[in-house]
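**Student:** Supplied in structure tokens, the structure appears directly below.
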Amino acid sequence: MIKKIFEQIQKAKKILIITHVNPDGDTLGCACALKSYLKDKADILLEVSDGRKYPEIYSFMPYLDDALTLDNVKNIYDTVVCVDVASYDRIVEKAREIFDSAKVTINIDHHKTNKGYAMYNYVLGGFSSAGEVLYEMFESMGIELSSEMASCLYVSILTDTGCFKYETVTPRTFEIASNLAKLGVDCAKIARNCYDLKSKAMVMFQAHCLSKCEFICNDKIAYTLIKKSDLEKFGAKDEHTEGISEAIRSIRPVEFACVLKESGVSSTKVSLRSKEKDVTKVVQKFGGGGHIRAAGCTIKKPLKEALDLLLAEIKKYL
Ligand code: AMP
Ligand code: MN
Ligand code: MN
């Protein structure tokens with residue numbers, strides 16, 4: 001499959017690299033690594049959310065400022081490559097038209113819930129990151145990585161493993177990280193950029209969300225509800241909710257950490273984390289997906305109703 005995918009990439013005239021909605025370090029890292037390899041032959045497409053193309057902490061990465069958005073993307077692509085996109089509906093909405101009309105579609109991912117929605121799918125479910133999958137693809141094709149490509153892949157792996165903390169990290173993950181470091185990646189600088197340069201608004205907003213956290217079922221379930229007005233009060237952006245669910249999970253007795261964010265008139269975005277339980281089971285009930293201990297979904301209900309539905313589902317797995 002890897003060979004077939006690279007054959008298609010070689011044959012392609014113009015490639016669109018599609019990232020997932022609410023882009024994170026993994027999808028951005030893969031997109032930039034691919035762009036760095038393909039140069040002018042490829043463009044990156046990003047969703048604009050809250051007036052921004054990508055979370056501000058990733059502004060140190062190459063190519064993102066020149067990335068296309070739905071406003072200026074033209075349907076001129078014969079081939080599209082989705083990176084870290086777990087499902088068809090995680091493709092930025094209007095971009096699905098481009099995906100549907102492309103001659104060749106490729107899906108490179110690591111989500112176990114990925115059903116293989118493209119013509120060519122290379123999905124290694126359970127791998128640490130799409131970045132690790134992409135590294136394996138480059139290596140098996142004998143493609144030499146530049147230090148720029150290596151740095152982008154390092155961002156993918158670092159951020160999607162929570163700094164090499166999760167069970168998805170294998171000896172091979174460390175071996176890859178070591179290989180990337182040997183190619184000149186400045187690991188300390190990337191870690192600082194990703195974790196230690198948060199805006200004041202983000203940290204203060206997150207402190208507020210944590211202080212509003214509710215604990216139920218002997219503190220096994222903890223949740224916080226985020227209204228649009230909470231964001232406004234702190235001048236925070238959508239992207240600033242990243243990391244809250246992990247902070248809640250880090251509290252010792254908490255097994256299920258939930259962040260529910262108002263995302264439309266009658267729509268709630270759910271972010272779910274666990275220590276041991278399989279949260280994909282919970283979110284699949286609502287059409288979501290993700291990983292065993294980190295998953296998400298959107299429930300088409302207002303905040304409070306979504307909370308009731310979610311808690312009822314979680315309690316089945318307590
Ligand atoms: P989040 O809580 O948004 O950080 O998402 C946690 C993980 O679940 C990420 O790997 C997402 O890619 C995945 N995920 C979130 N929402 C969905 C969804 N609606 N469908 C499939 N996967 C999702
Ligand atoms: Mn992702
Ligand atoms: Mn990922």
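So you can find residues: chains in the structure tokens are A, B, ... in the order shown, residues in each start at 1, and ligands are numbered from 1 in order.
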Please identify all protein, DNA and RNA residues within 6 Å of ligand 2, counting only C-alpha atoms and all ligand atoms, and report them as a PyMOL selection string.

**Tutor:** chain A and resi 24+26-27+84

**Student:** Store the residues of this selection in a file with N, CA and C atoms, as a PDB file, in the first residue's frame.

**Tutor:**
ATOM      1  N   ASP A  24      -4.553  20.080  15.239  1.00  0.00           N
ATOM      2  CA  ASP A  24      -3.644  19.925  16.373  1.00  0.00           C
ATOM      3  C   ASP A  24      -2.227  19.697  15.838  1.00  0.00           C
ATOM      4  N   ASP A  26      -0.459  17.085  15.550  1.00  0.00           N
ATOM      5  CA  ASP A  26      -0.232  15.907  14.712  1.00  0.00           C
ATOM      6  C   ASP A  26      -0.623  16.177  13.256  1.00  0.00           C
ATOM      7  N   THR A  27      -1.845  16.657  13.052  1.00  0.00           N
ATOM      8  CA  THR A  27      -2.294  16.908  11.676  1.00  0.00           C
ATOM      9  C   THR A  27      -1.437  18.010  11.036  1.00  0.00           C
ATOM     10  N   ASP A  84      -4.076  12.402   9.534  1.00  0.00           N
ATOM     11  CA  ASP A  84      -4.611  12.424  10.901  1.00  0.00           C
ATOM     12  C   ASP A  84      -6.117  12.728  10.911  1.00  0.00           C
TER      13      ASP A  84
END

**Student:** Could you find all residues in region 82-128 of chain A that DSSP calls alpha helix (DSSP H) from the backbone, and write them as a list in words?

**Tutor:**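 After running DSSP on the backbone, region 82-128 of chain A has alpha helix (DSSP H) at Ala95, Arg96, Glu97, Ile98, Phe99, Asp100 and Ser101 of chain A.
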
**Student:** Filtering to C-alpha atoms, could you give me those residues as a short mmCIF file (atom, residue, chain, number, x, y, z; two decimals), in the first residue's frame?

**Tutor:**
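Contents of the output file part_5.cif:
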data_model
loop_
_atom_site.label_atom_id
_atom_site.label_comp_id
_atom_site.auth_asym_id
_atom_site.auth_seq_id
_atom_site.Cartn_x
_atom_site.Cartn_y
_atom_site.Cartn_z
CA ALA A 95 -13.39 20.59 1.48
CA ARG A 96 -15.44 17.42 1.17
CA GLU A 97 -16.48 18.66 -2.28
CA ILE A 98 -12.84 18.74 -3.32
CA PHE A 99 -12.27 15.34 -1.75
CA ASP A 100 -15.31 13.91 -3.56
CA SER A 101 -14.26 15.19 -6.97
#

**Student:** Do a neighbour search on Phe138 (chain A) at 10 Å with only C-alpha atoms, toss out local chain neighbours closer than 4 positions, and write the hits as JSON, numbers by chain.

**Tutor:** {"A": [2, 6, 34, 37, 132, 133, 134, 142, 143, 144, 145]}

**Student:** Residues of the last selection are to be written out with N, CA and C atoms, as a PDB file, in the first residue's frame.

**Tutor:**
ATOM      1  N   ILE A   2       1.966   1.220   0.769  1.00  0.00           N
ATOM      2  CA  ILE A   2       2.829   2.418   0.821  1.00  0.00           C
ATOM      3  C   ILE A   2       3.340   2.753  -0.580  1.00  0.00           C
ATOM      4  N   PHE A   6       2.732   6.159  -2.814  1.00  0.00           N
ATOM      5  CA  PHE A   6       3.784   7.030  -3.354  1.00  0.00           C
ATOM      6  C   PHE A   6       3.757   7.090  -4.879  1.00  0.00           C
ATOM      7  N   LEU A  34       4.823  16.768   4.820  1.00  0.00           N
ATOM      8  CA  LEU A  34       4.490  16.400   3.435  1.00  0.00           C
ATOM      9  C   LEU A  34       4.731  17.566   2.485  1.00  0.00           C
ATOM     10  N   TYR A  37       8.265  17.993   1.761  1.00  0.00           N
ATOM     11  CA  TYR A  37       8.742  16.983   0.815  1.00  0.00           C
ATOM     12  C   TYR A  37       8.271  17.289  -0.603  1.00  0.00           C
ATOM     13  N   GLU A 132       4.052   9.322  13.208  1.00  0.00           N
ATOM     14  CA  GLU A 132       4.827   8.072  13.249  1.00  0.00           C
ATOM     15  C   GLU A 132       4.519   7.213  12.025  1.00  0.00           C
ATOM     16  N   VAL A 133       3.254   7.185  11.631  1.00  0.00           N
ATOM     17  CA  VAL A 133       2.844   6.430  10.437  1.00  0.00           C
ATOM     18  C   VAL A 133       3.556   6.994   9.198  1.00  0.00           C
ATOM     19  N   LEU A 134       3.547   8.318   9.095  1.00  0.00           N
ATOM     20  CA  LEU A 134       4.171   8.972   7.940  1.00  0.00           C
ATOM     21  C   LEU A 134       5.682   8.740   7.924  1.00  0.00           C
ATOM     22  N   GLY A 142      12.578   4.647   1.426  1.00  0.00           N
ATOM     23  CA  GLY A 142      13.971   5.074   1.332  1.00  0.00           C
ATOM     24  C   GLY A 142      14.118   6.568   1.088  1.00  0.00           C
ATOM     25  N   ILE A 143      13.122   7.334   1.508  1.00  0.00           N
ATOM     26  CA  ILE A 143      13.183   8.787   1.323  1.00  0.00           C
ATOM     27  C   ILE A 143      13.974   9.412   2.470  1.00  0.00           C
ATOM     28  N   GLU A 144      14.968  10.188   2.118  1.00  0.00           N
ATOM     29  CA  GLU A 144      15.769  10.850   3.152  1.00  0.00           C
ATOM     30  C   GLU A 144      15.020  12.061   3.686  1.00  0.00           C
ATOM     31  N   LEU A 145      15.028  12.200   5.004  1.00  0.00           N
ATOM     32  CA  LEU A 145      14.317  13.330   5.596  1.00  0.00           C
ATOM     33  C   LEU A 145      15.257  14.517   5.769  1.00  0.00           C
TER      34      LEU A 145
END

**Student:** Around ligand 1, which protein and nucleic acid residues have at least one atom no more than 9 Å from it, if we count only C-alpha atoms and all ligand atoms? List them as an MDAnalysis selection string.

**Tutor:** chainID A and resid 20:24 26:27 84:90 110:111 113:114 129 160 242:243 245 258:259 269:273 280 283:284 286:298

**Student:** What is the CA of Val265 (chain A) to CA of Tyr223 (chain A) distance in Å?

**Tutor:** 20.6 Å

**Student:** Identify, on the basis of only C-alpha atoms, every residue whose closest approach to Tyr135 (chain A) does not exceed 10 Å; exclude the query and any residue fewer than 4 positions from it along the same chain; express the result as a PyMOL selection string.

**Tutor:** chain A and resi 30+33+129-131+139-141+143+145+149-150+153-154+157+176+180

**Student:** Mind dumping the selected residues with N, CA and C atoms as a PDB file, in the first residue's frame?

**Tutor:**
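New file part.pdb:
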ATOM      1  N   CYS A  30       2.182  16.598  10.236  1.00  0.00           N
ATOM      2  CA  CYS A  30       2.160  15.747   9.029  1.00  0.00           C
ATOM      3  C   CYS A  30       2.007  16.604   7.774  1.00  0.00           C
ATOM      4  N   ALA A  33       5.270  18.364   7.064  1.00  0.00           N
ATOM      5  CA  ALA A  33       6.317  17.428   6.621  1.00  0.00           C
ATOM      6  C   ALA A  33       6.073  17.042   5.159  1.00  0.00           C
ATOM      7  N   SER A 129       0.904   8.310  16.584  1.00  0.00           N
ATOM      8  CA  SER A 129       0.539   9.545  15.887  1.00  0.00           C
ATOM      9  C   SER A 129       0.526   9.275  14.395  1.00  0.00           C
ATOM     10  N   ALA A 130      -0.161  10.131  13.665  1.00  0.00           N
ATOM     11  CA  ALA A 130      -0.090  10.032  12.205  1.00  0.00           C
ATOM     12  C   ALA A 130       1.343  10.330  11.764  1.00  0.00           C
ATOM     13  N   GLY A 131       2.045  11.151  12.559  1.00  0.00           N
ATOM     14  CA  GLY A 131       3.441  11.469  12.268  1.00  0.00           C
ATOM     15  C   GLY A 131       4.325  10.225  12.260  1.00  0.00           C
ATOM     16  N   GLU A 139      10.360   6.112   5.486  1.00  0.00           N
ATOM     17  CA  GLU A 139      11.504   5.215   5.658  1.00  0.00           C
ATOM     18  C   GLU A 139      11.404   4.008   4.733  1.00  0.00           C
ATOM     19  N   SER A 140      10.205   3.437   4.634  1.00  0.00           N
ATOM     20  CA  SER A 140      10.123   2.236   3.797  1.00  0.00           C
ATOM     21  C   SER A 140      10.284   2.561   2.317  1.00  0.00           C
ATOM     22  N   MET A 141      10.085   3.818   1.955  1.00  0.00           N
ATOM     23  CA  MET A 141      10.332   4.219   0.561  1.00  0.00           C
ATOM     24  C   MET A 141      11.788   4.682   0.359  1.00  0.00           C
ATOM     25  N   ILE A 143      13.122   7.334   1.508  1.00  0.00           N
ATOM     26  CA  ILE A 143      13.183   8.787   1.323  1.00  0.00           C
ATOM     27  C   ILE A 143      13.974   9.412   2.470  1.00  0.00           C
ATOM     28  N   LEU A 145      15.028  12.200   5.004  1.00  0.00           N
ATOM     29  CA  LEU A 145      14.317  13.330   5.596  1.00  0.00           C
ATOM     30  C   LEU A 145      15.257  14.517   5.769  1.00  0.00           C
ATOM     31  N   MET A 149      11.721  18.438   7.547  1.00  0.00           N
ATOM     32  CA  MET A 149      10.716  17.365   7.605  1.00  0.00           C
ATOM     33  C   MET A 149      10.771  16.658   8.949  1.00  0.00           C
ATOM     34  N   ALA A 150      11.996  16.407   9.432  1.00  0.00           N
ATOM     35  CA  ALA A 150      12.166  15.713  10.713  1.00  0.00           C
ATOM     36  C   ALA A 150      11.543  16.528  11.849  1.00  0.00           C
ATOM     37  N   LEU A 153       7.736  16.196  11.765  1.00  0.00           N
ATOM     38  CA  LEU A 153       7.287  14.885  12.258  1.00  0.00           C
ATOM     39  C   LEU A 153       7.472  14.790  13.774  1.00  0.00           C
ATOM     40  N   TYR A 154       8.528  15.433  14.278  1.00  0.00           N
ATOM     41  CA  TYR A 154       8.761  15.425  15.728  1.00  0.00           C
ATOM     42  C   TYR A 154       7.619  16.142  16.460  1.00  0.00           C
ATOM     43  N   ILE A 157       4.698  13.705  16.721  1.00  0.00           N
ATOM     44  CA  ILE A 157       4.876  12.623  17.697  1.00  0.00           C
ATOM     45  C   ILE A 157       4.865  13.177  19.125  1.00  0.00           C
ATOM     46  N   ILE A 176      12.366   6.221  16.589  1.00  0.00           N
ATOM     47  CA  ILE A 176      12.070   7.230  15.572  1.00  0.00           C
ATOM     48  C   ILE A 176      12.436   8.620  16.082  1.00  0.00           C
ATOM     49  N   LEU A 180      15.056  11.168  14.454  1.00  0.00           N
ATOM     50  CA  LEU A 180      14.711  12.549  14.100  1.00  0.00           C
ATOM     51  C   LEU A 180      15.687  13.521  14.765  1.00  0.00           C
TER      52      LEU A 180
END

**Student:** With only C-alpha atoms and all ligand atoms as the atoms that count, which of A:Arg172, A:Lys14, A:Lys112, A:Lys74 lies nearest to ligand 3?

**Tutor:** A:Lys112

**Student:** Rank nothing, just name the residue among A:Asp50, A:Asp78, A:Asp109, A:Glu239 nearest to ligand 3, using only C-alpha atoms and all ligand atoms.

**Tutor:**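 Under the stated criterion, the closest residue is A:Asp109.
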
**Student:** Give the answer as one residue: which of A:Glu148, A:Gly25, A:Val83, A:Val282 has the shortest atom-to-atom distance to Gly162 (chain A), using only C-alpha atoms?

**Tutor:** A:Gly25

**Student:** Which of region 42-117 of chain A counts as strand (DSSP E) under DSSP, as a PyMOL selection string please?

**Tutor:** chain A and resi 42-45+79-83+104-109

**Student:** Please measure the separation of CA of His240 (chain A) and CA of Cys194 (chain A), giving the value in Å to one decimal.

**Tutor:**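 Computed distance, CA of His240 (chain A) to CA of Cys194 (chain A), equals 12.7 Å.
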
**Student:** CA of Glu255 (chain A) and CA of Asp219 (chain A), how far apart in Å?

**Tutor:**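 It comes out at 8.1 Å.
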
**Student:** Any idea what's packed within 10 Å of Glu167 (chain A), counting only C-alpha atoms, ignoring anything in its chain fewer than 4 positions away? Could you give it as a VMD selection string?

**Tutor:** chain A and resid 126 to 128 161 293

**Student:** Which of these, A:Tyr195, A:Tyr317, A:Tyr77, A:Phe215, has the shortest distance to Ile251 (chain A) once you count only C-alpha atoms?

**Tutor:**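 Among A:Tyr195, A:Tyr317, A:Tyr77, A:Phe215, it is A:Phe215 that comes nearest to Ile251 (chain A).
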